[in-house]
>>> print(open('query-v1.cif').read())   # mmCIF, N, CA and C atoms
data_work
#
loop_
_atom_site.label_atom_id
_atom_site.label_comp_id
_atom_site.auth_asym_id
_atom_site.auth_seq_id
_atom_site.Cartn_x
_atom_site.Cartn_y
_atom_site.Cartn_z
N MET K 279 16.03 11.41 12.88
CA MET K 279 14.70 10.95 13.16
C MET K 279 13.71 12.03 12.74
N THR K 280 12.68 11.60 12.04
CA THR K 280 11.65 12.51 11.57
C THR K 280 10.43 12.40 12.47
N ILE K 281 9.98 13.54 12.94
CA ILE K 281 8.76 13.56 13.77
C ILE K 281 7.59 13.83 12.85
N GLN K 282 6.63 12.94 12.89
CA GLN K 282 5.46 13.11 12.05
C GLN K 282 4.34 13.74 12.86
N THR K 283 3.73 14.69 12.28
CA THR K 283 2.56 15.30 12.91
C THR K 283 1.34 14.93 12.07
N SER K 284 0.26 14.83 12.72
CA SER K 284 -0.95 14.51 11.97
C SER K 284 -1.58 15.81 11.50
N ALA K 285 -1.26 16.17 10.28
CA ALA K 285 -1.82 17.38 9.69
C ALA K 285 -3.26 17.11 9.28
N ARG K 286 -4.11 18.01 9.66
CA ARG K 286 -5.51 17.85 9.29
C ARG K 286 -5.75 18.54 7.97
N LEU K 287 -6.40 17.82 7.10
CA LEU K 287 -6.80 18.42 5.84
C LEU K 287 -8.02 19.30 6.08
N PRO K 288 -8.09 20.42 5.38
CA PRO K 288 -9.26 21.27 5.58
C PRO K 288 -10.52 20.52 5.16
N ALA K 289 -11.56 20.69 5.95
CA ALA K 289 -12.83 20.06 5.62
C ALA K 289 -13.39 20.73 4.37
N SER K 290 -14.10 19.97 3.59
CA SER K 290 -14.72 20.57 2.42
C SER K 290 -15.81 21.53 2.90
N ILE K 291 -15.96 22.59 2.19
CA ILE K 291 -16.93 23.61 2.55
C ILE K 291 -18.26 23.28 1.88
N ASP K 292 -19.30 23.24 2.66
CA ASP K 292 -20.65 23.02 2.16
C ASP K 292 -21.33 24.38 2.09
N ASP K 293 -21.43 24.92 0.89
CA ASP K 293 -21.98 26.27 0.73
C ASP K 293 -23.41 26.39 1.25
N ASP K 294 -24.22 25.36 1.05
CA ASP K 294 -25.60 25.41 1.54
C ASP K 294 -25.64 25.45 3.06
N ALA K 295 -24.83 24.61 3.70
CA ALA K 295 -24.79 24.59 5.16
C ALA K 295 -24.25 25.92 5.69
N THR K 296 -23.23 26.45 5.04
CA THR K 296 -22.65 27.73 5.46
C THR K 296 -23.70 28.83 5.39
N SER K 297 -24.47 28.85 4.31
CA SER K 297 -25.53 29.86 4.16
C SER K 297 -26.61 29.69 5.21
N ALA K 298 -26.99 28.44 5.50
CA ALA K 298 -28.02 28.19 6.51
C ALA K 298 -27.56 28.66 7.88
N TYR K 299 -26.31 28.36 8.23
CA TYR K 299 -25.78 28.80 9.52
C TYR K 299 -25.71 30.33 9.57
N ALA K 300 -25.23 30.95 8.52
CA ALA K 300 -25.12 32.41 8.49
C ALA K 300 -26.49 33.06 8.66
N HIS K 301 -27.49 32.51 7.98
CA HIS K 301 -28.85 33.06 8.08
C HIS K 301 -29.39 32.92 9.51
N LEU K 302 -29.17 31.76 10.11
CA LEU K 302 -29.61 31.55 11.49
C LEU K 302 -28.92 32.53 12.43
N PHE K 303 -27.60 32.66 12.30
CA PHE K 303 -26.89 33.55 13.21
C PHE K 303 -27.22 35.01 12.96
N GLN K 304 -27.66 35.37 11.75
CA GLN K 304 -28.12 36.74 11.50
C GLN K 304 -29.34 37.04 12.35
N ALA K 305 -30.17 36.04 12.58
CA ALA K 305 -31.36 36.24 13.41
C ALA K 305 -30.98 36.66 14.82
N PHE K 306 -29.90 36.08 15.34
CA PHE K 306 -29.46 36.39 16.70
C PHE K 306 -28.52 37.58 16.75
N ALA K 307 -28.04 38.03 15.60
CA ALA K 307 -27.03 39.10 15.57
C ALA K 307 -27.65 40.49 15.63
N GLU K 308 -28.92 40.61 15.33
CA GLU K 308 -29.56 41.92 15.30
C GLU K 308 -30.24 42.18 16.64
N PRO K 309 -29.92 43.28 17.32
CA PRO K 309 -30.44 43.51 18.67
C PRO K 309 -31.97 43.48 18.79
N THR K 310 -32.68 44.02 17.82
CA THR K 310 -34.14 44.01 17.91
C THR K 310 -34.67 42.59 17.81
N ARG K 311 -34.11 41.79 16.90
CA ARG K 311 -34.56 40.40 16.79
C ARG K 311 -34.23 39.63 18.07
N LEU K 312 -33.07 39.89 18.63
CA LEU K 312 -32.70 39.23 19.88
C LEU K 312 -33.65 39.62 21.00
N ALA K 313 -34.06 40.88 21.04
CA ALA K 313 -35.03 41.33 22.04
C ALA K 313 -36.38 40.64 21.83
N ILE K 314 -36.79 40.46 20.58
CA ILE K 314 -38.04 39.76 20.30
C ILE K 314 -37.94 38.32 20.78
N ILE K 315 -36.81 37.68 20.53
CA ILE K 315 -36.59 36.31 21.01
C ILE K 315 -36.70 36.28 22.54
N GLN K 316 -36.14 37.28 23.21
CA GLN K 316 -36.24 37.35 24.67
C GLN K 316 -37.70 37.42 25.10
N HIS K 317 -38.49 38.28 24.45
CA HIS K 317 -39.89 38.40 24.81
C HIS K 317 -40.65 37.10 24.54
N LEU K 318 -40.38 36.48 23.40
CA LEU K 318 -41.11 35.26 23.05
C LEU K 318 -40.68 34.07 23.90
N SER K 319 -39.54 34.18 24.55
CA SER K 319 -39.11 33.07 25.41
C SER K 319 -40.01 32.94 26.64
N SER K 320 -40.78 33.99 26.93
CA SER K 320 -41.71 33.94 28.07
C SER K 320 -43.09 33.45 27.65
N GLY K 321 -43.30 33.24 26.34
CA GLY K 321 -44.59 32.74 25.85
C GLY K 321 -45.03 33.46 24.59
N GLU K 322 -46.22 33.10 24.16
CA GLU K 322 -46.78 33.67 22.93
C GLU K 322 -47.04 35.17 23.07
N HIS K 323 -46.85 35.87 21.96
CA HIS K 323 -47.18 37.29 21.89
C HIS K 323 -47.74 37.59 20.51
N ARG K 324 -48.57 38.62 20.47
CA ARG K 324 -49.01 39.19 19.19
C ARG K 324 -48.04 40.30 18.83
N VAL K 325 -48.04 40.71 17.58
CA VAL K 325 -47.19 41.83 17.16
C VAL K 325 -47.53 43.06 17.99
N SER K 326 -48.82 43.29 18.23
CA SER K 326 -49.21 44.48 19.02
C SER K 326 -48.65 44.43 20.44
N ASP K 327 -48.58 43.22 21.02
CA ASP K 327 -47.98 43.07 22.35
C ASP K 327 -46.50 43.46 22.31
N LEU K 328 -45.81 42.97 21.29
CA LEU K 328 -44.37 43.26 21.16
C LEU K 328 -44.14 44.74 20.90
N VAL K 329 -45.02 45.36 20.10
CA VAL K 329 -44.92 46.81 19.85
C VAL K 329 -45.01 47.56 21.17
N ASP K 330 -45.98 47.17 22.01
CA ASP K 330 -46.15 47.84 23.31
C ASP K 330 -44.97 47.60 24.23
N HIS K 331 -44.50 46.34 24.31
CA HIS K 331 -43.38 46.00 25.20
C HIS K 331 -42.10 46.71 24.79
N MET K 332 -41.87 46.76 23.49
CA MET K 332 -40.59 47.23 22.99
C MET K 332 -40.59 48.70 22.58
N GLU K 333 -41.77 49.28 22.52
CA GLU K 333 -41.93 50.68 22.11
C GLU K 333 -41.29 50.93 20.75
N LEU K 334 -41.61 50.04 19.81
CA LEU K 334 -41.15 50.16 18.43
C LEU K 334 -42.35 50.27 17.50
N ALA K 335 -42.10 50.72 16.29
CA ALA K 335 -43.16 50.80 15.30
C ALA K 335 -43.64 49.40 14.92
N GLN K 336 -44.92 49.28 14.60
CA GLN K 336 -45.49 48.00 14.20
C GLN K 336 -44.77 47.45 12.98
N SER K 337 -44.42 48.31 12.04
CA SER K 337 -43.74 47.85 10.82
C SER K 337 -42.36 47.27 11.14
N THR K 338 -41.68 47.84 12.11
CA THR K 338 -40.36 47.36 12.51
C THR K 338 -40.47 45.97 13.13
N VAL K 339 -41.41 45.82 14.06
CA VAL K 339 -41.60 44.53 14.72
C VAL K 339 -42.02 43.48 13.69
N SER K 340 -42.96 43.84 12.81
CA SER K 340 -43.42 42.89 11.79
C SER K 340 -42.29 42.44 10.88
N LYS K 341 -41.42 43.37 10.50
CA LYS K 341 -40.29 43.03 9.63
C LYS K 341 -39.37 42.02 10.32
N HIS K 342 -39.09 42.23 11.59
CA HIS K 342 -38.22 41.31 12.33
C HIS K 342 -38.90 39.97 12.60
N ILE K 343 -40.19 39.99 12.86
CA ILE K 343 -40.95 38.75 13.04
C ILE K 343 -40.87 37.93 11.75
N ALA K 344 -41.02 38.59 10.61
CA ALA K 344 -40.95 37.88 9.32
C ALA K 344 -39.58 37.23 9.13
N PHE K 345 -38.52 37.92 9.50
CA PHE K 345 -37.18 37.36 9.36
C PHE K 345 -37.01 36.15 10.26
N LEU K 346 -37.45 36.27 11.50
CA LEU K 346 -37.34 35.15 12.44
C LEU K 346 -38.17 33.95 11.98
N ALA K 347 -39.32 34.21 11.43
CA ALA K 347 -40.17 33.13 10.91
C ALA K 347 -39.52 32.48 9.70
N GLU K 348 -38.91 33.28 8.84
CA GLU K 348 -38.21 32.77 7.66
C GLU K 348 -37.07 31.83 8.07
N CYS K 349 -36.45 32.12 9.20
CA CYS K 349 -35.36 31.28 9.72
C CYS K 349 -35.89 30.01 10.38
N GLY K 350 -37.21 29.91 10.54
CA GLY K 350 -37.80 28.75 11.19
C GLY K 350 -37.79 28.83 12.70
N LEU K 351 -37.50 30.01 13.23
CA LEU K 351 -37.41 30.15 14.68
C LEU K 351 -38.76 30.38 15.35
N LEU K 352 -39.78 30.75 14.57
CA LEU K 352 -41.08 31.06 15.14
C LEU K 352 -42.18 30.20 14.56
N THR K 353 -43.20 30.03 15.36
CA THR K 353 -44.46 29.46 14.89
C THR K 353 -45.51 30.55 15.05
N SER K 354 -46.59 30.41 14.32
CA SER K 354 -47.68 31.35 14.49
C SER K 354 -49.00 30.59 14.44
N ARG K 355 -49.96 31.16 15.13
CA ARG K 355 -51.32 30.62 15.07
C ARG K 355 -52.26 31.81 15.02
N THR K 356 -53.34 31.60 14.31
CA THR K 356 -54.33 32.66 14.16
C THR K 356 -55.48 32.43 15.12
N GLU K 357 -55.85 33.49 15.79
CA GLU K 357 -57.00 33.47 16.68
C GLU K 357 -57.81 34.73 16.37
N GLY K 358 -58.94 34.53 15.74
CA GLY K 358 -59.72 35.69 15.29
C GLY K 358 -58.94 36.46 14.26
N ARG K 359 -58.73 37.73 14.51
CA ARG K 359 -57.96 38.57 13.59
C ARG K 359 -56.50 38.72 14.02
N SER K 360 -56.11 38.03 15.07
CA SER K 360 -54.75 38.16 15.61
C SER K 360 -53.90 36.94 15.27
N ASN K 361 -52.64 37.20 15.02
CA ASN K 361 -51.65 36.13 14.89
C ASN K 361 -50.81 36.14 16.16
N TRP K 362 -50.68 34.97 16.75
CA TRP K 362 -49.88 34.79 17.95
C TRP K 362 -48.57 34.10 17.55
N TYR K 363 -47.46 34.64 18.01
CA TYR K 363 -46.13 34.11 17.66
C TYR K 363 -45.48 33.50 18.89
N ALA K 364 -44.75 32.42 18.66
CA ALA K 364 -44.01 31.74 19.73
C ALA K 364 -42.72 31.19 19.15
N LEU K 365 -41.78 30.90 20.03
CA LEU K 365 -40.55 30.25 19.59
C LEU K 365 -40.89 28.83 19.13
N ALA K 366 -40.36 28.44 17.99
CA ALA K 366 -40.63 27.10 17.45
C ALA K 366 -39.96 26.02 18.30
N GLU K 367 -38.78 26.32 18.78
CA GLU K 367 -37.99 25.35 19.56
C GLU K 367 -37.39 26.04 20.79
N PRO K 368 -38.23 26.36 21.78
CA PRO K 368 -37.70 27.11 22.94
C PRO K 368 -36.58 26.39 23.67
N GLY K 369 -36.62 25.08 23.77
CA GLY K 369 -35.55 24.34 24.44
C GLY K 369 -34.23 24.47 23.71
N LEU K 370 -34.28 24.43 22.39
CA LEU K 370 -33.05 24.57 21.61
C LEU K 370 -32.51 26.00 21.66
N VAL K 371 -33.41 26.98 21.70
CA VAL K 371 -32.96 28.38 21.86
C VAL K 371 -32.26 28.54 23.21
N ARG K 372 -32.82 27.91 24.26
CA ARG K 372 -32.16 27.97 25.59
C ARG K 372 -30.75 27.39 25.52
N ILE K 373 -30.61 26.27 24.82
CA ILE K 373 -29.29 25.64 24.69
C ILE K 373 -28.32 26.56 23.95
N LEU K 374 -28.79 27.18 22.87
CA LEU K 374 -27.94 28.08 22.10
C LEU K 374 -27.52 29.29 22.92
N ILE K 375 -28.47 29.86 23.66
CA ILE K 375 -28.16 31.02 24.51
C ILE K 375 -27.17 30.63 25.60
N ALA K 376 -27.39 29.46 26.22
CA ALA K 376 -26.47 28.99 27.26
C ALA K 376 -25.07 28.79 26.69
N GLY K 377 -24.98 28.24 25.48
CA GLY K 377 -23.68 28.05 24.83
C GLY K 377 -23.01 29.39 24.54
N ALA K 378 -23.79 30.36 24.08
CA ALA K 378 -23.23 31.69 23.81
C ALA K 378 -22.72 32.33 25.10
N GLU K 379 -23.48 32.14 26.19
CA GLU K 379 -23.03 32.69 27.48
C GLU K 379 -21.71 32.06 27.91
N GLU K 380 -21.55 30.77 27.68
CA GLU K 380 -20.30 30.09 28.03
C GLU K 380 -19.14 30.60 27.19
N ILE K 381 -19.38 30.78 25.90
CA ILE K 381 -18.32 31.32 25.02
C ILE K 381 -17.94 32.72 25.47
N LEU K 382 -18.95 33.56 25.73
CA LEU K 382 -18.66 34.93 26.18
C LEU K 382 -17.86 34.93 27.48
N SER K 383 -18.25 34.07 28.40
CA SER K 383 -17.53 33.98 29.67
C SER K 383 -16.09 33.51 29.45
N ALA K 384 -15.91 32.51 28.61
CA ALA K 384 -14.57 31.97 28.35
C ALA K 384 -13.67 32.97 27.66
N THR K 385 -14.26 33.91 26.92
CA THR K 385 -13.46 34.90 26.21
C THR K 385 -13.34 36.21 26.99
N GLY K 386 -13.76 36.18 28.27
CA GLY K 386 -13.59 37.35 29.11
C GLY K 386 -14.69 38.38 28.98
N ASN K 387 -15.81 38.01 28.39
CA ASN K 387 -16.92 38.94 28.22
C ASN K 387 -18.21 38.34 28.79
N PRO K 388 -18.22 38.04 30.09
CA PRO K 388 -19.40 37.37 30.65
C PRO K 388 -20.65 38.22 30.47
N ALA K 389 -21.71 37.57 30.04
CA ALA K 389 -22.98 38.27 29.85
C ALA K 389 -24.11 37.26 30.02
N LEU K 390 -25.13 37.66 30.74
CA LEU K 390 -26.32 36.85 30.90
C LEU K 390 -27.41 37.56 30.13
N LEU K 391 -27.91 36.92 29.07
CA LEU K 391 -28.89 37.57 28.21
C LEU K 391 -30.18 37.84 28.96
N CYS K 392 -30.75 36.81 29.52
CA CYS K 392 -32.02 36.97 30.20
C CYS K 392 -32.27 35.69 30.99
N SER K 393 -32.45 35.82 32.28
CA SER K 393 -32.53 34.63 33.12
C SER K 393 -33.71 33.72 32.78
N HIS K 394 -34.82 34.26 32.31
CA HIS K 394 -35.96 33.39 32.03
C HIS K 394 -35.79 32.57 30.75
N ILE K 395 -34.86 32.96 29.87
CA ILE K 395 -34.60 32.16 28.68
C ILE K 395 -34.03 30.82 29.08
N ARG K 396 -33.16 30.83 30.06
CA ARG K 396 -32.52 29.59 30.48
C ARG K 396 -33.45 28.75 31.33
N GLY K 397 -34.46 29.35 31.90
CA GLY K 397 -35.47 28.61 32.66
C GLY K 397 -34.87 27.73 33.73
N SER K 398 -35.35 26.51 33.83
CA SER K 398 -34.90 25.60 34.87
C SER K 398 -33.54 25.02 34.59
N GLU K 399 -32.98 25.30 33.41
CA GLU K 399 -31.67 24.77 33.06
C GLU K 399 -30.53 25.63 33.54
N SER K 400 -30.82 26.77 34.19
CA SER K 400 -29.74 27.66 34.63
C SER K 400 -29.12 27.20 35.91
#
>>> encode(input="query-v1.cif", output="structure tokens")
Amino acid sequence: MTIQTSARLPASIDDDATSAYAHLFQAFAEPTRLAIIQHLSSGEHRVSDLVDHMELAQSTVSKHIAFLAECGLLTSRTEGRSNWYALAEPGLVRILIAGAEEILSATGNPALLCSHIRGSES
């Protein structure tokens, strides 16, 4: 008697999708960008606000803001001479962070990034 197993064929690789996912996850992989996301999860900030909160150079914060904006994670609005930045999809960022926390917990590395990111969903 032959036992048949249902072998799964490898899914075709979509290079564009793979690149998009990699770019998105790069945004969350860099500690400074992740810290900026944490700050923006509490509301809008200007670059100067983030510089003060994080005690980093303006050029460093601006570089990371540009990367996050390129990923589509941020919105900006101009008020006078200031640009205000906010998370484009704060609810989806909360879901992603909650999912990452669950994965970390399941793999024996429990970590809570920041309680206010999860908001009322925690």
>>> atom_distance(input="query-v1.cif", atom1="CA of Pro368 in chain K", atom2="CA of Ser319 in chain K")
6.6 Å
>>> residues_around(input="query-v1.cif", residues="range 352-362 of chain K", least_positions_apart="5", cutoff="6 Å", atoms="all atoms listed in the file", output="PyMOL selection string")
chain K and resi 322-325+346-347
>>> closest_atom_pairs(input="query-v1.cif", of="range 282-318 of chain K", to="range 337-345 of chain K", cutoff="8 Å", atoms="only C-alpha atoms", output="Markdown table")
| residue | atom | partner | partner_atom | distance |
| --- | --- | --- | --- | --- |
| K:Ala305 | CA | K:Phe345 | CA | 7.2 |
| K:Thr310 | CA | K:His342 | CA | 7.4 |
| K:Arg311 | CA | K:His342 | CA | 5.8 |
| K:Ile314 | CA | K:Ile343 | CA | 7.9 |
>>> select_by_dssp(input="query-v1.cif", residues="range 290-366 of chain K", states="helix (DSSP H, G or I)", output="PDB file with N, CA and C atoms, in the frame of the given file")
ATOM      1  N   ASP K 293     -21.430  24.920   0.890  1.00  0.00           N
ATOM      2  CA  ASP K 293     -21.980  26.270   0.730  1.00  0.00           C
ATOM      3  C   ASP K 293     -23.410  26.390   1.250  1.00  0.00           C
ATOM      4  N   ASP K 294     -24.220  25.360   1.050  1.00  0.00           N
ATOM      5  CA  ASP K 294     -25.600  25.410   1.540  1.00  0.00           C
ATOM      6  C   ASP K 294     -25.640  25.450   3.060  1.00  0.00           C
ATOM      7  N   ALA K 295     -24.830  24.610   3.700  1.00  0.00           N
ATOM      8  CA  ALA K 295     -24.790  24.590   5.160  1.00  0.00           C
ATOM      9  C   ALA K 295     -24.250  25.920   5.690  1.00  0.00           C
ATOM     10  N   THR K 296     -23.230  26.450   5.040  1.00  0.00           N
ATOM     11  CA  THR K 296     -22.650  27.730   5.460  1.00  0.00           C
ATOM     12  C   THR K 296     -23.700  28.830   5.390  1.00  0.00           C
ATOM     13  N   SER K 297     -24.470  28.850   4.310  1.00  0.00           N
ATOM     14  CA  SER K 297     -25.530  29.860   4.160  1.00  0.00           C
ATOM     15  C   SER K 297     -26.610  29.690   5.210  1.00  0.00           C
ATOM     16  N   ALA K 298     -26.990  28.440   5.500  1.00  0.00           N
ATOM     17  CA  ALA K 298     -28.020  28.190   6.510  1.00  0.00           C
ATOM     18  C   ALA K 298     -27.560  28.660   7.880  1.00  0.00           C
ATOM     19  N   TYR K 299     -26.310  28.360   8.230  1.00  0.00           N
ATOM     20  CA  TYR K 299     -25.780  28.800   9.520  1.00  0.00           C
ATOM     21  C   TYR K 299     -25.710  30.330   9.570  1.00  0.00           C
ATOM     22  N   ALA K 300     -25.230  30.950   8.520  1.00  0.00           N
ATOM     23  CA  ALA K 300     -25.120  32.410   8.490  1.00  0.00           C
ATOM     24  C   ALA K 300     -26.490  33.060   8.660  1.00  0.00           C
ATOM     25  N   HIS K 301     -27.490  32.510   7.980  1.00  0.00           N
ATOM     26  CA  HIS K 301     -28.850  33.060   8.080  1.00  0.00           C
ATOM     27  C   HIS K 301     -29.390  32.920   9.510  1.00  0.00           C
ATOM     28  N   LEU K 302     -29.170  31.760  10.110  1.00  0.00           N
ATOM     29  CA  LEU K 302     -29.610  31.550  11.490  1.00  0.00           C
ATOM     30  C   LEU K 302     -28.920  32.530  12.430  1.00  0.00           C
ATOM     31  N   PHE K 303     -27.600  32.660  12.300  1.00  0.00           N
ATOM     32  CA  PHE K 303     -26.890  33.550  13.210  1.00  0.00           C
ATOM     33  C   PHE K 303     -27.220  35.010  12.960  1.00  0.00           C
ATOM     34  N   GLN K 304     -27.660  35.370  11.750  1.00  0.00           N
ATOM     35  CA  GLN K 304     -28.120  36.740  11.500  1.00  0.00           C
ATOM     36  C   GLN K 304     -29.340  37.040  12.350  1.00  0.00           C
ATOM     37  N   ALA K 305     -30.170  36.040  12.580  1.00  0.00           N
ATOM     38  CA  ALA K 305     -31.360  36.240  13.410  1.00  0.00           C
ATOM     39  C   ALA K 305     -30.980  36.660  14.820  1.00  0.00           C
ATOM     40  N   PHE K 306     -29.900  36.080  15.340  1.00  0.00           N
ATOM     41  CA  PHE K 306     -29.460  36.390  16.700  1.00  0.00           C
ATOM     42  C   PHE K 306     -28.520  37.580  16.750  1.00  0.00           C
ATOM     43  N   ALA K 307     -28.040  38.030  15.600  1.00  0.00           N
ATOM     44  CA  ALA K 307     -27.030  39.100  15.570  1.00  0.00           C
ATOM     45  C   ALA K 307     -27.650  40.490  15.630  1.00  0.00           C
ATOM     46  N   PRO K 309     -29.920  43.280  17.320  1.00  0.00           N
ATOM     47  CA  PRO K 309     -30.440  43.510  18.670  1.00  0.00           C
ATOM     48  C   PRO K 309     -31.970  43.480  18.790  1.00  0.00           C
ATOM     49  N   THR K 310     -32.680  44.020  17.820  1.00  0.00           N
ATOM     50  CA  THR K 310     -34.140  44.010  17.910  1.00  0.00           C
ATOM     51  C   THR K 310     -34.670  42.590  17.810  1.00  0.00           C
ATOM     52  N   ARG K 311     -34.110  41.790  16.900  1.00  0.00           N
ATOM     53  CA  ARG K 311     -34.560  40.400  16.790  1.00  0.00           C
ATOM     54  C   ARG K 311     -34.230  39.630  18.070  1.00  0.00           C
ATOM     55  N   LEU K 312     -33.070  39.890  18.630  1.00  0.00           N
ATOM     56  CA  LEU K 312     -32.700  39.230  19.880  1.00  0.00           C
ATOM     57  C   LEU K 312     -33.650  39.620  21.000  1.00  0.00           C
ATOM     58  N   ALA K 313     -34.060  40.880  21.040  1.00  0.00           N
ATOM     59  CA  ALA K 313     -35.030  41.330  22.040  1.00  0.00           C
ATOM     60  C   ALA K 313     -36.380  40.640  21.830  1.00  0.00           C
ATOM     61  N   ILE K 314     -36.790  40.460  20.580  1.00  0.00           N
ATOM     62  CA  ILE K 314     -38.040  39.760  20.300  1.00  0.00           C
ATOM     63  C   ILE K 314     -37.940  38.320  20.780  1.00  0.00           C
ATOM     64  N   ILE K 315     -36.810  37.680  20.530  1.00  0.00           N
ATOM     65  CA  ILE K 315     -36.590  36.310  21.010  1.00  0.00           C
ATOM     66  C   ILE K 315     -36.700  36.280  22.540  1.00  0.00           C
ATOM     67  N   GLN K 316     -36.140  37.280  23.210  1.00  0.00           N
ATOM     68  CA  GLN K 316     -36.240  37.350  24.670  1.00  0.00           C
ATOM     69  C   GLN K 316     -37.700  37.420  25.100  1.00  0.00           C
ATOM     70  N   HIS K 317     -38.490  38.280  24.450  1.00  0.00           N
ATOM     71  CA  HIS K 317     -39.890  38.400  24.810  1.00  0.00           C
ATOM     72  C   HIS K 317     -40.650  37.100  24.540  1.00  0.00           C
ATOM     73  N   LEU K 318     -40.380  36.480  23.400  1.00  0.00           N
ATOM     74  CA  LEU K 318     -41.110  35.260  23.050  1.00  0.00           C
ATOM     75  C   LEU K 318     -40.680  34.070  23.900  1.00  0.00           C
ATOM     76  N   VAL K 325     -48.040  40.710  17.580  1.00  0.00           N
ATOM     77  CA  VAL K 325     -47.190  41.830  17.160  1.00  0.00           C
ATOM     78  C   VAL K 325     -47.530  43.060  17.990  1.00  0.00           C
ATOM     79  N   SER K 326     -48.820  43.290  18.230  1.00  0.00           N
ATOM     80  CA  SER K 326     -49.210  44.480  19.020  1.00  0.00           C
ATOM     81  C   SER K 326     -48.650  44.430  20.440  1.00  0.00           C
ATOM     82  N   ASP K 327     -48.580  43.220  21.020  1.00  0.00           N
ATOM     83  CA  ASP K 327     -47.980  43.070  22.350  1.00  0.00           C
ATOM     84  C   ASP K 327     -46.500  43.460  22.310  1.00  0.00           C
ATOM     85  N   LEU K 328     -45.810  42.970  21.290  1.00  0.00           N
ATOM     86  CA  LEU K 328     -44.370  43.260  21.160  1.00  0.00           C
ATOM     87  C   LEU K 328     -44.140  44.740  20.900  1.00  0.00           C
ATOM     88  N   VAL K 329     -45.020  45.360  20.100  1.00  0.00           N
ATOM     89  CA  VAL K 329     -44.920  46.810  19.850  1.00  0.00           C
ATOM     90  C   VAL K 329     -45.010  47.560  21.170  1.00  0.00           C
ATOM     91  N   ASP K 330     -45.980  47.170  22.010  1.00  0.00           N
ATOM     92  CA  ASP K 330     -46.150  47.840  23.310  1.00  0.00           C
ATOM     93  C   ASP K 330     -44.970  47.600  24.230  1.00  0.00           C
ATOM     94  N   HIS K 331     -44.500  46.340  24.310  1.00  0.00           N
ATOM     95  CA  HIS K 331     -43.380  46.000  25.200  1.00  0.00           C
ATOM     96  C   HIS K 331     -42.100  46.710  24.790  1.00  0.00           C
ATOM     97  N   MET K 332     -41.870  46.760  23.490  1.00  0.00           N
ATOM     98  CA  MET K 332     -40.590  47.230  22.990  1.00  0.00           C
ATOM     99  C   MET K 332     -40.590  48.700  22.580  1.00  0.00           C
ATOM    100  N   GLN K 336     -44.920  49.280  14.600  1.00  0.00           N
ATOM    101  CA  GLN K 336     -45.490  48.000  14.200  1.00  0.00           C
ATOM    102  C   GLN K 336     -44.770  47.450  12.980  1.00  0.00           C
ATOM    103  N   SER K 337     -44.420  48.310  12.040  1.00  0.00           N
ATOM    104  CA  SER K 337     -43.740  47.850  10.820  1.00  0.00           C
ATOM    105  C   SER K 337     -42.360  47.270  11.140  1.00  0.00           C
ATOM    106  N   THR K 338     -41.680  47.840  12.110  1.00  0.00           N
ATOM    107  CA  THR K 338     -40.360  47.360  12.510  1.00  0.00           C
ATOM    108  C   THR K 338     -40.470  45.970  13.130  1.00  0.00           C
ATOM    109  N   VAL K 339     -41.410  45.820  14.060  1.00  0.00           N
ATOM    110  CA  VAL K 339     -41.600  44.530  14.720  1.00  0.00           C
ATOM    111  C   VAL K 339     -42.020  43.480  13.690  1.00  0.00           C
ATOM    112  N   SER K 340     -42.960  43.840  12.810  1.00  0.00           N
ATOM    113  CA  SER K 340     -43.420  42.890  11.790  1.00  0.00           C
ATOM    114  C   SER K 340     -42.290  42.440  10.880  1.00  0.00           C
ATOM    115  N   LYS K 341     -41.420  43.370  10.500  1.00  0.00           N
ATOM    116  CA  LYS K 341     -40.290  43.030   9.630  1.00  0.00           C
ATOM    117  C   LYS K 341     -39.370  42.020  10.320  1.00  0.00           C
ATOM    118  N   HIS K 342     -39.090  42.230  11.590  1.00  0.00           N
ATOM    119  CA  HIS K 342     -38.220  41.310  12.330  1.00  0.00           C
ATOM    120  C   HIS K 342     -38.900  39.970  12.600  1.00  0.00           C
ATOM    121  N   ILE K 343     -40.190  39.990  12.860  1.00  0.00           N
ATOM    122  CA  ILE K 343     -40.950  38.750  13.040  1.00  0.00           C
ATOM    123  C   ILE K 343     -40.870  37.930  11.750  1.00  0.00           C
ATOM    124  N   ALA K 344     -41.020  38.590  10.610  1.00  0.00           N
ATOM    125  CA  ALA K 344     -40.950  37.880   9.320  1.00  0.00           C
ATOM    126  C   ALA K 344     -39.580  37.230   9.130  1.00  0.00           C
ATOM    127  N   PHE K 345     -38.520  37.920   9.500  1.00  0.00           N
ATOM    128  CA  PHE K 345     -37.180  37.360   9.360  1.00  0.00           C
ATOM    129  C   PHE K 345     -37.010  36.150  10.260  1.00  0.00           C
ATOM    130  N   LEU K 346     -37.450  36.270  11.500  1.00  0.00           N
ATOM    131  CA  LEU K 346     -37.340  35.150  12.440  1.00  0.00           C
ATOM    132  C   LEU K 346     -38.170  33.950  11.980  1.00  0.00           C
ATOM    133  N   ALA K 347     -39.320  34.210  11.430  1.00  0.00           N
ATOM    134  CA  ALA K 347     -40.170  33.130  10.910  1.00  0.00           C
ATOM    135  C   ALA K 347     -39.520  32.480   9.700  1.00  0.00           C
ATOM    136  N   GLU K 348     -38.910  33.280   8.840  1.00  0.00           N
ATOM    137  CA  GLU K 348     -38.210  32.770   7.660  1.00  0.00           C
ATOM    138  C   GLU K 348     -37.070  31.830   8.070  1.00  0.00           C
TER     139      GLU K 348
END
>>> atom_distance(input="query-v1.cif", atom1="CA of Ala313 in chain K", atom2="CA of Glu367 in chain K")
16.4 Å
>>> axis_aligned_box(input="query-v1.cif", around="range 304-322 of chain K", padding_each_side="4 Å", output="AutoDock Vina command-line options")
--center_x -37.0 --center_y 38.4 --center_z 19.8 --size_x 28.0 --size_y 19.3 --size_z 24.6
>>> atom_distance(input="query-v1.cif", atom1="CA of Ala298 in chain K", atom2="atom C of His331 in chain K")
29.6 Å
>>> residues_near_point(input="query-v1.cif", point="(-23.3, 35.6, 30.0)", cutoff="8 Å", atoms="all atoms listed in the file", output="ChimeraX atom specification")
/K:375-376,378-383,387-392
